[in-house]
Amino acid sequence: MPNLSVRIGNLVLKNPVMTASGTFGYGEEFDDFFDISTLGGIIVKGTTGSKREGNPYPRMAETPSGMLNAVGLQNKGVDNFISDIYPRIKDTDTHIIVNVSGSTIDEYLMVASKLNELEKIPAIELNISCPNVKEGGMAFGTSCPSAIAVTEAIRKVYHKTLIVKLSPNVTNIAEMAKAVEGAGADSVSLINTLLGMAIDAERQKPVLSTITGGLSGPAVKPIALRMVWQVAKAVKIPVIGLGGIMNAADAIEFMLAGATAVQIGTANFIDPAVCPKIIDGIQDYLIRHRNTDVNEIIGKI
Amino acid sequence: MPNLSVRIGNLVLKNPVMTASGTFGYGEEFDDFFDISTLGGIIVKGTTGSKREGNPYPRMAETPSGMLNAVGLQNKGVDNFISDIYPRIKDTDTHIIVNVSGSTIDEYLMVASKLNELEKIPAIELNISCPNVKEGGMAFGTSCPSAIAVTEAIRKVYHKTLIVKLSPNVTNIAEMAKAVEGAGADSVSLINTLLGMAIDAERQKPVLSTITGGLSGPAVKPIALRMVWQVAKAVKIPVIGLGGIMNAADAIEFMLAGATAVQIGTANFIDPAVCPKIIDGIQDYLIRHRNTDVNEIIGKI
Amino acid sequence: MKNKFIHDMLVLDNKNLNTNYFLLTLQPPVEMPIVKAGQFAQVEIKDAKNTFLRRPLSVHDVNYKENTIKLLVQIVGEGTQKLSEIKKGESLNMIYPLGNSFSFPDSDNVLLVGGGCGIAPLLYLARIFSEKGIKVTTLVGGATNADILETDEYLKFGDVLITTMDASIGEKGLVTQHSIFKEDNFRFSKIYTCGPQPMMKALAIIAKEKGIPCEVSLENMMACGIGACLCCVVDTIDGNKCTCTEGPVFDYKELKGWN
Amino acid sequence: MKNKFIHDMLVLDNKNLNTNYFLLTLQPPVEMPIVKAGQFAQVEIKDAKNTFLRRPLSVHDVNYKENTIKLLVQIVGEGTQKLSEIKKGESLNMIYPLGNSFSFPDSDNVLLVGGGCGIAPLLYLARIFSEKGIKVTTLVGGATNADILETDEYLKFGDVLITTMDASIGEKGLVTQHSIFKEDNFRFSKIYTCGPQPMMKALAIIAKEKGIPCEVSLENMMACGIGACLCCVVDTIDGNKCTCTEGPVFDYKELKGWN
Ligand SMILES: Cc1cc2nc3c(=O)[nH]c(=O)nc-3n(C[C@H](O)[C@H](O)[C@H](O)COP(=O)(O)OP(=O)(O)OC[C@H]3O[C@@H](n4cnc5c(N)ncnc54)[C@H](O)[C@@H]3O)c2cc1C
Ligand SMILES: Cc1cc2nc3c(=O)[nH]c(=O)nc-3n(C[C@H](O)[C@H](O)[C@H](O)COP(=O)(O)OP(=O)(O)OC[C@H]3O[C@@H](n4cnc5c(N)ncnc54)[C@H](O)[C@@H]3O)c2cc1C
Ligand SMILES: Cc1cc2nc3c(=O)[nH]c(=O)nc-3n(C[C@H](O)[C@H](O)[C@H](O)COP(=O)(O)O)c2cc1C
Ligand SMILES: Cc1cc2nc3c(=O)[nH]c(=O)nc-3n(C[C@H](O)[C@H](O)[C@H](O)COP(=O)(O)O)c2cc1C
Ligand code: FES
Ligand code: FES
């Protein structure tokens, strides 16, 4: 059997397949469909300083080969995560990574320092790319100075593996990646959703309550793949690739483009049991291509 | 019958439906399928100072609900356009608009000044957003100062309607639009293609000879719609919307978002007779919604 | 214990009720899990160019003996259109049973009100209630008689009342204009309803006036159907709740703007 | 005069040749336009989630009397898979006839060489040549006998020679290893070929050695098929040419890197 394990910062993943924040709940939602401990990692829902209700309904629109969402970081806040959710999920035999969001650097700092104390949370993913909140969110991820500022601040209080999740809504994503690498990130993940919009022509109204929302799914895969390729060439830290991965072939494309690991997002909605199929598919691919280690295909194109 | 005619700069279009550059040849290719003089306008292939062979094959990859192209401005050059093509197409009873491309401001200037002399070419579309050429192209369209420089230069030599075609590969497209508006553009069109990439997992190679290419088709529609909406709010000049329009409902969405006219690109490949269907569909829509003039729905959301 | 399943269901029958509605009879490859009235399935739509997500459809009826489940579907767009073309012997992938369910009433004379394909979840509910000895009356409304479906089935479990906008069958008007609501002595102790929101809201107002409970089944747009995406929320007195896991059935009193 | 048409073709037959190949017989709603050997159609693929563009397929045969056109298709991916599922009586939208065509030879003893589904355009070519009194020999190659299709049809117009890699039928090896090429006196005055590029390139080398002309039909990937997108270019001695309008048939001498 080929080796599937990869390394992100201090984290050794049993395989390169993780689930993307906001698309896999806290993992528990998928227990009925497969053994979630077989995953390389689970990135849980975006967590903020205090409870957020998110945006009003409607928050979703279907688009060609994709969807728009405008959930807007609905979550019960970091304290609730620590008291209620963490105890339930902490003993899952895979890495549980928390996606950290906020409106201000202080909020990010508060969440990250609290999570730093949790023994079974080996890493956080800093979400500086959420397009669905009025303040903060994507604003941090679309300018180098602010991306650097928030990453540097977090780096000071967070001592485990720090992944920074980049926004694709920028002119030059390689530059952003280099900026956060310089500011101390152990890894970058990309892409978050692309800012999009849907209109109901008959009702003459935007479909989403927030007018714009974040585009995900196979529609964005070519853009995500290009960005992962550009970033992987630009930085030395490991890159986690995502955006429209639906099957093993897609996942392998991201790894060939330079991703050390991948995340599966929207695909979980179409097939809640897709992740183990992707893990198996990667293994089959390696066997077929006579690779003994998944690391051999990273950046191979 | 509702009025379909709209105004772009000094141009009065008989209806808001034009064809997008690079997807409709010089119009002649579609003569067998419908009467191309029924179009609001035809934007012909990107034209450069001298003949270009474009990029090597393969130049195309199919993607979920879209395609990548890396044609790279293959064309016979402006002089050949003037001597060979112009005489053949100039008497088509619709507006023939030339998409002007180049690697340097001088090249743009040369092409634009030559086209300025052609009686039957009432407008040019300045392509500062081609992602498929090594020099110039998109580089002009991804920074405000260079977009301003090229637009101002062209404005001095080109005295008819000047449309500037914007790149979606930017952090802030409204800013770009305002920049070229300030530099003298009569209209902006958007979006050009999004930079993307495809990989053949089995062959472990990029699909395109140029590695990256431009993504078009319905996959990009949500992004295009969002950008058109942002730009229409930001500028006073008319906005021409495009990106993934496949049918009348899509076209209407762009107009509701603020576009005065639309362009049909990739859809021409799927159905070469799609444009007249879109024109008819817009008319039916206006009748159903009791509008007497298509201008009533522009920016209505 | 597993509660949710992904099954490739065998299509035993696809019955065209009329140009707009069809009825699927499906069989899982294993023994049917326990399904409650009001629950739904997330159905995969194959081979449709523009349908990316699954489609939520209520459980219309369940027959444990025959190991079958029925879906009653209205054709409204590409997804349901494609689904209507599925043939006997083909397979249909679905995730089920999802969501909460209608709750039992405290007393035994209840009114089920369905509008259009909103009647879908009410047949199974009528069956279960009548098995428990609860007296059920079903009121169905539609634009015209083509929207009034399967009344034979509902008749097995109690009276059926009908309204149509064009009076082609039953009383003329909206369900809420039916004469039972004008009777001096309102017969029913609880209302269960599914259908267009304006109809359900109007019923909630009636329930409030009459001082009786009313459960409504929402049809919010869904991406995942299993509580993972938070797209399907409804605003309640306790904040946003997921229609797919905490619903689709809600006491109208919980819903903001409903009372 | 119109040359290209978009027609909803009626599927008269969809014959499964074996697990990998099928043969479609199609009828236009009006009289068939003139179609030349080597031309192709751009076929719409409906109901396929991941197939966005049309698929180019060669005209395999034309029968003006019966007003039918045939396509011979190999299943390689989603598009051709979906196409293989189309049923008699359904309709198939296509744009045709597209591209240039094979040209007539100067003398009358020609060799047609097809590899895999590369034989598709050669049947109609054989028919047209033999109608003009040109002597035709067809050489077909494949991995195994399952790739050798419709030889009966080709036999109507002349000799048929076969090679397979596993010698399950005909001579063992590649088409270019067939014994005819080793004969002292090479019988043929021109080669026409369609199939995998390495095969066609090898044939072009043979043609060059023998000093005879050779026409090859390219299968470049296409978006529009009508000369509008410039995606399908091939590098020729006169620069990039469109395979869809200036091809798919080229004299190998025109192609850069082919001689
Ligand atoms: C829990 C639940 C149970 C349901 N049960 C049934 C059932 O038993 N039978 C049945 O026929 N339908 C039921 N529906 C509705 C059904 O899911 C939609 O009609 C279906 O998803 C439409 O898919 P489509 O591709 O055909 O139409 P689309 O092309 O997606 O949409 C067509 C039109 O319907 C609107 N629409 C689509 N989905 C919804 C929605 N969820 N709410 C409001 N408007 C929508 C769209 O905005 C559009 O205008 C249920 C929905 C939910 C959430
Ligand atoms: C002018 C022309 C005539 C043709 N005539 C025939 C014919 O008569 N019969 C027939 O069976 N096929 C023919 N082909 C090839 C046919 O178009 C492809 O096999 C088909 O488009 C594949 O579609 P798909 O969706 O099934 O496969 P996809 O999923 O699109 O592709 C499957 C695999 O095939 C490769 N592929 C797809 N298209 C091409 C291509 N054009 N060239 C090289 N590799 C490709 C892909 O890279 C992929 O690896 C012709 C092609 C051209 C350009
Ligand atoms: C419904 C939904 C909710 C999401 N919530 C979050 C979130 O809370 N934090 C975050 O960083 N990304 C969030 N994302 C973005 C995804 O994690 C992922 O970056 C994106 O969807 C692209 O991947 P995909 O195409 O595989 O879905 C969300 C995406 C969706 C569809
Ligand atoms: C094959 C191809 C060639 C193109 N060539 C040009 C070009 O020469 N100049 C230009 O400005 N845009 C060019 N474009 C971009 C289109 O004009 C259009 O902006 C883009 O495709 C988005 O619209 P669509 O999704 O409707 O195709 C090309 C697009 C395609 C697909
Ligand atoms: S539909 Fe995803 S949480 Fe309800
Ligand atoms: S396929 Fe478009 S030009 Fe040939």
# chains A, B, ... in the order shown; residues from 1 in each chain; ligands from 1

call {"tool": "residues_near_ligand", "arguments": {"ligand": "ligand 3", "cutoff": "8 Å", "atoms": "only C-alpha atoms and all ligand atoms", "output": "PDB file with N, CA and C atoms, in the first residue's frame"}}
result
ATOM      1  N   THR A  19     -11.758  17.950   5.426  1.00  0.00           N
ATOM      2  CA  THR A  19     -13.035  18.544   5.019  1.00  0.00           C
ATOM      3  C   THR A  19     -12.968  20.051   5.240  1.00  0.00           C
ATOM      4  N   ALA A  20     -13.661  20.792   4.371  1.00  0.00           N
ATOM      5  CA  ALA A  20     -13.560  22.253   4.390  1.00  0.00           C
ATOM      6  C   ALA A  20     -14.522  22.860   5.403  1.00  0.00           C
ATOM      7  N   SER A  21     -14.074  23.920   6.008  1.00  0.00           N
ATOM      8  CA  SER A  21     -14.869  24.611   7.020  1.00  0.00           C
ATOM      9  C   SER A  21     -16.223  25.058   6.472  1.00  0.00           C
ATOM     10  N   GLY A  22     -17.245  24.847   7.261  1.00  0.00           N
ATOM     11  CA  GLY A  22     -18.585  25.311   6.896  1.00  0.00           C
ATOM     12  C   GLY A  22     -19.351  24.346   6.021  1.00  0.00           C
ATOM     13  N   THR A  23     -18.687  23.251   5.650  1.00  0.00           N
ATOM     14  CA  THR A  23     -19.368  22.296   4.770  1.00  0.00           C
ATOM     15  C   THR A  23     -19.484  20.926   5.420  1.00  0.00           C
ATOM     16  N   VAL A  44     -13.522  22.449  11.276  1.00  0.00           N
ATOM     17  CA  VAL A  44     -14.899  22.717  11.683  1.00  0.00           C
ATOM     18  C   VAL A  44     -15.312  24.128  11.295  1.00  0.00           C
ATOM     19  N   LYS A  45     -16.551  24.371  11.453  1.00  0.00           N
ATOM     20  CA  LYS A  45     -17.207  25.638  11.131  1.00  0.00           C
ATOM     21  C   LYS A  45     -16.447  26.859  11.653  1.00  0.00           C
ATOM     22  N   GLY A  46     -16.512  27.940  10.897  1.00  0.00           N
ATOM     23  CA  GLY A  46     -15.896  29.205  11.313  1.00  0.00           C
ATOM     24  C   GLY A  46     -16.375  29.618  12.701  1.00  0.00           C
ATOM     25  N   THR A  47     -15.425  29.892  13.593  1.00  0.00           N
ATOM     26  CA  THR A  47     -15.754  30.197  14.986  1.00  0.00           C
ATOM     27  C   THR A  47     -15.319  31.622  15.301  1.00  0.00           C
ATOM     28  N   MET A  60     -28.707  30.859   0.196  1.00  0.00           N
ATOM     29  CA  MET A  60     -28.128  29.898  -0.745  1.00  0.00           C
ATOM     30  C   MET A  60     -28.764  30.074  -2.106  1.00  0.00           C
ATOM     31  N   GLY A  66     -22.326  24.798  -9.352  1.00  0.00           N
ATOM     32  CA  GLY A  66     -21.872  25.384  -8.106  1.00  0.00           C
ATOM     33  C   GLY A  66     -23.004  25.945  -7.279  1.00  0.00           C
ATOM     34  N   MET A  67     -22.634  26.643  -6.234  1.00  0.00           N
ATOM     35  CA  MET A  67     -23.635  27.289  -5.396  1.00  0.00           C
ATOM     36  C   MET A  67     -23.043  28.542  -4.772  1.00  0.00           C
ATOM     37  N   LEU A  68     -23.926  29.453  -4.438  1.00  0.00           N
ATOM     38  CA  LEU A  68     -23.550  30.634  -3.676  1.00  0.00           C
ATOM     39  C   LEU A  68     -24.059  30.444  -2.267  1.00  0.00           C
ATOM     40  N   ASN A  69     -23.249  30.831  -1.266  1.00  0.00           N
ATOM     41  CA  ASN A  69     -23.779  30.821   0.089  1.00  0.00           C
ATOM     42  C   ASN A  69     -23.492  32.160   0.731  1.00  0.00           C
ATOM     43  N   ALA A  70     -24.356  32.498   1.674  1.00  0.00           N
ATOM     44  CA  ALA A  70     -24.191  33.735   2.431  1.00  0.00           C
ATOM     45  C   ALA A  70     -24.551  33.441   3.875  1.00  0.00           C
ATOM     46  N   VAL A  71     -23.979  32.344   4.381  1.00  0.00           N
ATOM     47  CA  VAL A  71     -24.289  31.938   5.742  1.00  0.00           C
ATOM     48  C   VAL A  71     -23.854  33.029   6.721  1.00  0.00           C
ATOM     49  N   GLY A  72     -22.654  33.563   6.500  1.00  0.00           N
ATOM     50  CA  GLY A  72     -22.210  34.684   7.334  1.00  0.00           C
ATOM     51  C   GLY A  72     -21.787  34.254   8.720  1.00  0.00           C
ATOM     52  N   LEU A  73     -21.055  33.139   8.759  1.00  0.00           N
ATOM     53  CA  LEU A  73     -20.400  32.741  10.017  1.00  0.00           C
ATOM     54  C   LEU A  73     -21.335  32.521  11.199  1.00  0.00           C
ATOM     55  N   GLN A  74     -22.527  31.990  10.927  1.00  0.00           N
ATOM     56  CA  GLN A  74     -23.386  31.612  12.048  1.00  0.00           C
ATOM     57  C   GLN A  74     -22.657  30.592  12.919  1.00  0.00           C
ATOM     58  N   ASN A  99     -11.600  26.589  12.327  1.00  0.00           N
ATOM     59  CA  ASN A  99     -11.536  27.738  11.423  1.00  0.00           C
ATOM     60  C   ASN A  99     -11.888  28.972  12.261  1.00  0.00           C
ATOM     61  N   VAL A 100     -10.950  29.918  12.328  1.00  0.00           N
ATOM     62  CA  VAL A 100     -11.092  31.075  13.212  1.00  0.00           C
ATOM     63  C   VAL A 100     -11.452  32.321  12.413  1.00  0.00           C
ATOM     64  N   SER A 101     -12.532  32.950  12.792  1.00  0.00           N
ATOM     65  CA  SER A 101     -12.984  34.129  12.075  1.00  0.00           C
ATOM     66  C   SER A 101     -13.204  35.282  13.037  1.00  0.00           C
ATOM     67  N   GLU A 125      -7.205  27.235  11.429  1.00  0.00           N
ATOM     68  CA  GLU A 125      -7.187  27.800  10.083  1.00  0.00           C
ATOM     69  C   GLU A 125      -7.740  29.207  10.220  1.00  0.00           C
ATOM     70  N   LEU A 126      -6.905  30.169   9.912  1.00  0.00           N
ATOM     71  CA  LEU A 126      -7.289  31.567  10.071  1.00  0.00           C
ATOM     72  C   LEU A 126      -8.049  31.994   8.821  1.00  0.00           C
ATOM     73  N   ASN A 127      -9.322  32.295   9.024  1.00  0.00           N
ATOM     74  CA  ASN A 127     -10.174  32.649   7.884  1.00  0.00           C
ATOM     75  C   ASN A 127     -10.144  34.158   7.669  1.00  0.00           C
ATOM     76  N   ILE A 128      -9.273  34.607   6.784  1.00  0.00           N
ATOM     77  CA  ILE A 128      -9.231  36.047   6.475  1.00  0.00           C
ATOM     78  C   ILE A 128      -9.879  36.279   5.125  1.00  0.00           C
ATOM     79  N   SER A 129     -10.836  35.414   4.807  1.00  0.00           N
ATOM     80  CA  SER A 129     -11.348  35.430   3.439  1.00  0.00           C
ATOM     81  C   SER A 129     -12.846  35.207   3.339  1.00  0.00           C
ATOM     82  N   CYS A 130     -13.565  35.376   4.450  1.00  0.00           N
ATOM     83  CA  CYS A 130     -15.001  35.154   4.376  1.00  0.00           C
ATOM     84  C   CYS A 130     -15.674  36.329   3.677  1.00  0.00           C
ATOM     85  N   LYS A 165      -6.103  30.879   5.614  1.00  0.00           N
ATOM     86  CA  LYS A 165      -6.958  30.590   4.452  1.00  0.00           C
ATOM     87  C   LYS A 165      -7.119  31.846   3.608  1.00  0.00           C
ATOM     88  N   LEU A 190      -6.217  27.391   0.261  1.00  0.00           N
ATOM     89  CA  LEU A 190      -6.944  28.188  -0.713  1.00  0.00           C
ATOM     90  C   LEU A 190      -7.638  27.250  -1.682  1.00  0.00           C
ATOM     91  N   ILE A 191      -8.797  27.676  -2.158  1.00  0.00           N
ATOM     92  CA  ILE A 191      -9.373  29.000  -2.054  1.00  0.00           C
ATOM     93  C   ILE A 191     -10.629  28.990  -1.173  1.00  0.00           C
ATOM     94  N   ASN A 192     -10.885  30.131  -0.565  1.00  0.00           N
ATOM     95  CA  ASN A 192     -12.200  30.362   0.001  1.00  0.00           C
ATOM     96  C   ASN A 192     -13.129  30.657  -1.180  1.00  0.00           C
ATOM     97  N   THR A 193     -14.327  31.064  -0.925  1.00  0.00           N
ATOM     98  CA  THR A 193     -15.274  31.257  -2.030  1.00  0.00           C
ATOM     99  C   THR A 193     -15.005  32.556  -2.801  1.00  0.00           C
ATOM    100  N   GLY A 214     -20.818  33.765  -1.580  1.00  0.00           N
ATOM    101  CA  GLY A 214     -19.566  33.102  -1.953  1.00  0.00           C
ATOM    102  C   GLY A 214     -19.821  31.912  -2.852  1.00  0.00           C
ATOM    103  N   LEU A 215     -19.126  31.889  -3.975  1.00  0.00           N
ATOM    104  CA  LEU A 215     -19.303  30.817  -4.963  1.00  0.00           C
ATOM    105  C   LEU A 215     -18.365  29.659  -4.656  1.00  0.00           C
ATOM    106  N   SER A 216     -18.907  28.463  -4.674  1.00  0.00           N
ATOM    107  CA  SER A 216     -18.100  27.260  -4.463  1.00  0.00           C
ATOM    108  C   SER A 216     -18.581  26.167  -5.400  1.00  0.00           C
ATOM    109  N   GLY A 217     -17.884  25.040  -5.377  1.00  0.00           N
ATOM    110  CA  GLY A 217     -18.269  23.925  -6.232  1.00  0.00           C
ATOM    111  C   GLY A 217     -17.423  23.841  -7.487  1.00  0.00           C
ATOM    112  N   PRO A 218     -17.680  22.821  -8.318  1.00  0.00           N
ATOM    113  CA  PRO A 218     -16.832  22.556  -9.489  1.00  0.00           C
ATOM    114  C   PRO A 218     -16.657  23.742 -10.432  1.00  0.00           C
ATOM    115  N   ALA A 219     -17.617  24.656 -10.445  1.00  0.00           N
ATOM    116  CA  ALA A 219     -17.492  25.845 -11.302  1.00  0.00           C
ATOM    117  C   ALA A 219     -16.186  26.575 -11.045  1.00  0.00           C
ATOM    118  N   VAL A 220     -15.746  26.610  -9.791  1.00  0.00           N
ATOM    119  CA  VAL A 220     -14.556  27.398  -9.443  1.00  0.00           C
ATOM    120  C   VAL A 220     -13.262  26.592  -9.541  1.00  0.00           C
ATOM    121  N   LYS A 221     -13.357  25.325  -9.826  1.00  0.00           N
ATOM    122  CA  LYS A 221     -12.160  24.483  -9.793  1.00  0.00           C
ATOM    123  C   LYS A 221     -11.019  24.990 -10.676  1.00  0.00           C
ATOM    124  N   LEU A 242      -8.083  23.610  -2.303  1.00  0.00           N
ATOM    125  CA  LEU A 242      -9.512  23.282  -2.318  1.00  0.00           C
ATOM    126  C   LEU A 242     -10.242  24.223  -3.270  1.00  0.00           C
ATOM    127  N   GLY A 243     -11.447  23.830  -3.577  1.00  0.00           N
ATOM    128  CA  GLY A 243     -12.278  24.593  -4.492  1.00  0.00           C
ATOM    129  C   GLY A 243     -12.793  23.673  -5.577  1.00  0.00           C
ATOM    130  N   GLY A 244     -13.997  23.141  -5.367  1.00  0.00           N
ATOM    131  CA  GLY A 244     -14.639  22.348  -6.412  1.00  0.00           C
ATOM    132  C   GLY A 244     -14.202  20.912  -6.516  1.00  0.00           C
ATOM    133  N   ILE A 245     -13.485  20.413  -5.527  1.00  0.00           N
ATOM    134  CA  ILE A 245     -13.068  19.005  -5.609  1.00  0.00           C
ATOM    135  C   ILE A 245     -14.276  18.092  -5.398  1.00  0.00           C
ATOM    136  N   MET A 246     -14.549  17.249  -6.374  1.00  0.00           N
ATOM    137  CA  MET A 246     -15.717  16.367  -6.323  1.00  0.00           C
ATOM    138  C   MET A 246     -15.324  14.902  -6.260  1.00  0.00           C
ATOM    139  N   GLN A 263      -8.859  19.940   0.662  1.00  0.00           N
ATOM    140  CA  GLN A 263     -10.082  19.974   1.468  1.00  0.00           C
ATOM    141  C   GLN A 263     -11.274  19.751   0.547  1.00  0.00           C
ATOM    142  N   ILE A 264     -12.252  19.056   1.090  1.00  0.00           N
ATOM    143  CA  ILE A 264     -13.468  18.765   0.344  1.00  0.00           C
ATOM    144  C   ILE A 264     -14.588  19.605   0.961  1.00  0.00           C
ATOM    145  N   GLY A 265     -15.232  20.419   0.138  1.00  0.00           N
ATOM    146  CA  GLY A 265     -16.273  21.298   0.655  1.00  0.00           C
ATOM    147  C   GLY A 265     -17.645  20.924   0.147  1.00  0.00           C
ATOM    148  N   THR A 266     -18.096  21.679  -0.837  1.00  0.00           N
ATOM    149  CA  THR A 266     -19.443  21.520  -1.370  1.00  0.00           C
ATOM    150  C   THR A 266     -19.773  20.078  -1.766  1.00  0.00           C
ATOM    151  N   ALA A 267     -18.786  19.323  -2.176  1.00  0.00           N
ATOM    152  CA  ALA A 267     -19.032  17.931  -2.581  1.00  0.00           C
ATOM    153  C   ALA A 267     -19.707  17.130  -1.470  1.00  0.00           C
TER     154      ALA A 267
ATOM    155  N   ALA C 223     -29.182  23.044   0.870  1.00  0.00           N
ATOM    156  CA  ALA C 223     -28.031  22.529   0.147  1.00  0.00           C
ATOM    157  C   ALA C 223     -27.768  21.102   0.624  1.00  0.00           C
ATOM    158  N   ALA C 228     -25.354  20.462   7.935  1.00  0.00           N
ATOM    159  CA  ALA C 228     -23.941  20.799   7.820  1.00  0.00           C
ATOM    160  C   ALA C 228     -23.690  22.186   7.252  1.00  0.00           C
ATOM    161  N   CYS C 229     -24.585  22.712   6.439  1.00  0.00           N
ATOM    162  CA  CYS C 229     -24.256  23.943   5.706  1.00  0.00           C
ATOM    163  C   CYS C 229     -24.873  25.214   6.299  1.00  0.00           C
ATOM    164  N   LEU C 230     -25.910  25.050   7.093  1.00  0.00           N
ATOM    165  CA  LEU C 230     -26.613  26.196   7.701  1.00  0.00           C
ATOM    166  C   LEU C 230     -27.261  27.126   6.667  1.00  0.00           C
ATOM    167  N   CYS C 231     -27.624  26.579   5.516  1.00  0.00           N
ATOM    168  CA  CYS C 231     -28.237  27.418   4.479  1.00  0.00           C
ATOM    169  C   CYS C 231     -29.750  27.532   4.630  1.00  0.00           C
TER     170      CYS C 231
END

call {"tool": "interface_residues", "arguments": {"of": "chain C", "to": "chain D", "cutoff": "12 Å", "atoms": "only C-alpha atoms", "output": "ChimeraX atom specification"}}
result
/C:45-53,78-79,81-82,85

call {"tool": "interface_residues", "arguments": {"of": "chain B", "to": "chain A", "cutoff": "7 Å", "atoms": "only C-alpha atoms", "output": "ChimeraX atom specification"}}
result
/B:64-65,142,169-171,195-199,201,204-206,212,218-219,222-223,225-226,249,252-253,256,301

call {"tool": "residues_near_ligand", "arguments": {"ligand": "ligand 6", "cutoff": "9 Å", "atoms": "only C-alpha atoms and all ligand atoms", "output": "list in words"}}
result
Thr23, Gly25 and Phe269 of chain B; Asn220, Met221, Met222, Ala223, Cys224, Gly225, Ile226, Gly227, Ala228, Cys229, Leu230, Cys231, Cys232, Val233, Lys241, Cys242, Thr243, Cys244, Thr245, Glu246 and Gly247 of chain D

call {"tool": "select_by_dssp", "arguments": {"residues": "segment 36-284 of chain A", "states": "alpha helix (DSSP H)", "output": "number ranges by chain"}}
result
A: 78-80, 86-89, 105-116, 138-141, 144-157, 173-182, 221-234, 248-256, 267-270, 274-284

call {"tool": "residues_near_ligand", "arguments": {"ligand": "ligand 2", "cutoff": "6 Å", "atoms": "only C-alpha atoms and all ligand atoms", "output": "list in words"}}
result
Phe40, Arg55, Pro56, Leu57, Ser58, Leu72, Val73, Gln74, Ile75, Val76, Gly77, Glu78, Gly79, Thr80, Gln81, Cys117, Ala120, Glu219, Asn220, Met221 and Pro248 of chain D

call {"tool": "atom_distance", "arguments": {"atom1": "atom 22 (C, counted along the ligand's line) of ligand 4", "atom2": "atom CA of Asn93 of chain D"}}
result
24.3 Å

call {"tool": "select_by_dssp", "arguments": {"residues": "segment 24-226 of chain C", "states": "strand (DSSP E or B)", "output": "MDAnalysis selection string"}}
result
chainID C and resid 24:27 40:43 55:58 61:63 68:74 91:98 109:115 135:142 158:164 171:172 190:194 214:217

call {"tool": "atom_distance", "arguments": {"atom1": "atom CA of Gln177 of chain C", "atom2": "atom CA of Ala204 of chain C"}}
result
13.7 Å

call {"tool": "closest_residue", "arguments": {"among": "C:Asn185, C:His178, C:Thr193, C:Asn240", "to": "ligand 5", "atoms": "only C-alpha atoms and all ligand atoms"}}
result
C:Asn240

call {"tool": "closest_residue", "arguments": {"among": "B:Ile287, B:Ile43, B:Val294, B:Cys275", "to": "ligand 4", "atoms": "only C-alpha atoms and all ligand atoms"}}
result
B:Ile43

call {"tool": "residues_around", "arguments": {"residues": "Lys201 of chain C", "least_positions_apart": "2", "cutoff": "9 Å", "atoms": "only C-alpha atoms", "output": "number ranges by chain"}}
result
C: 196-199, 203-206, 216, 252, 258-259

call {"tool": "residues_around", "arguments": {"residues": "segment 162-167 of chain D", "least_positions_apart": "6", "cutoff": "8 Å", "atoms": "only C-alpha atoms", "output": "list in words"}}
result
Leu139, Val140, Gly141, Gly142, Ala143, Thr144, Asn145, Ile148, Gly173, Leu174, Val175 and His178 of chain D

call {"tool": "residues_around", "arguments": {"residues": "Gly182 of chain B", "least_positions_apart": "4", "cutoff": "9 Å", "atoms": "only C-alpha atoms", "output": "list of chain:residue names"}}
result
B:Ile148, B:Glu152, B:Ala177, B:Lys178
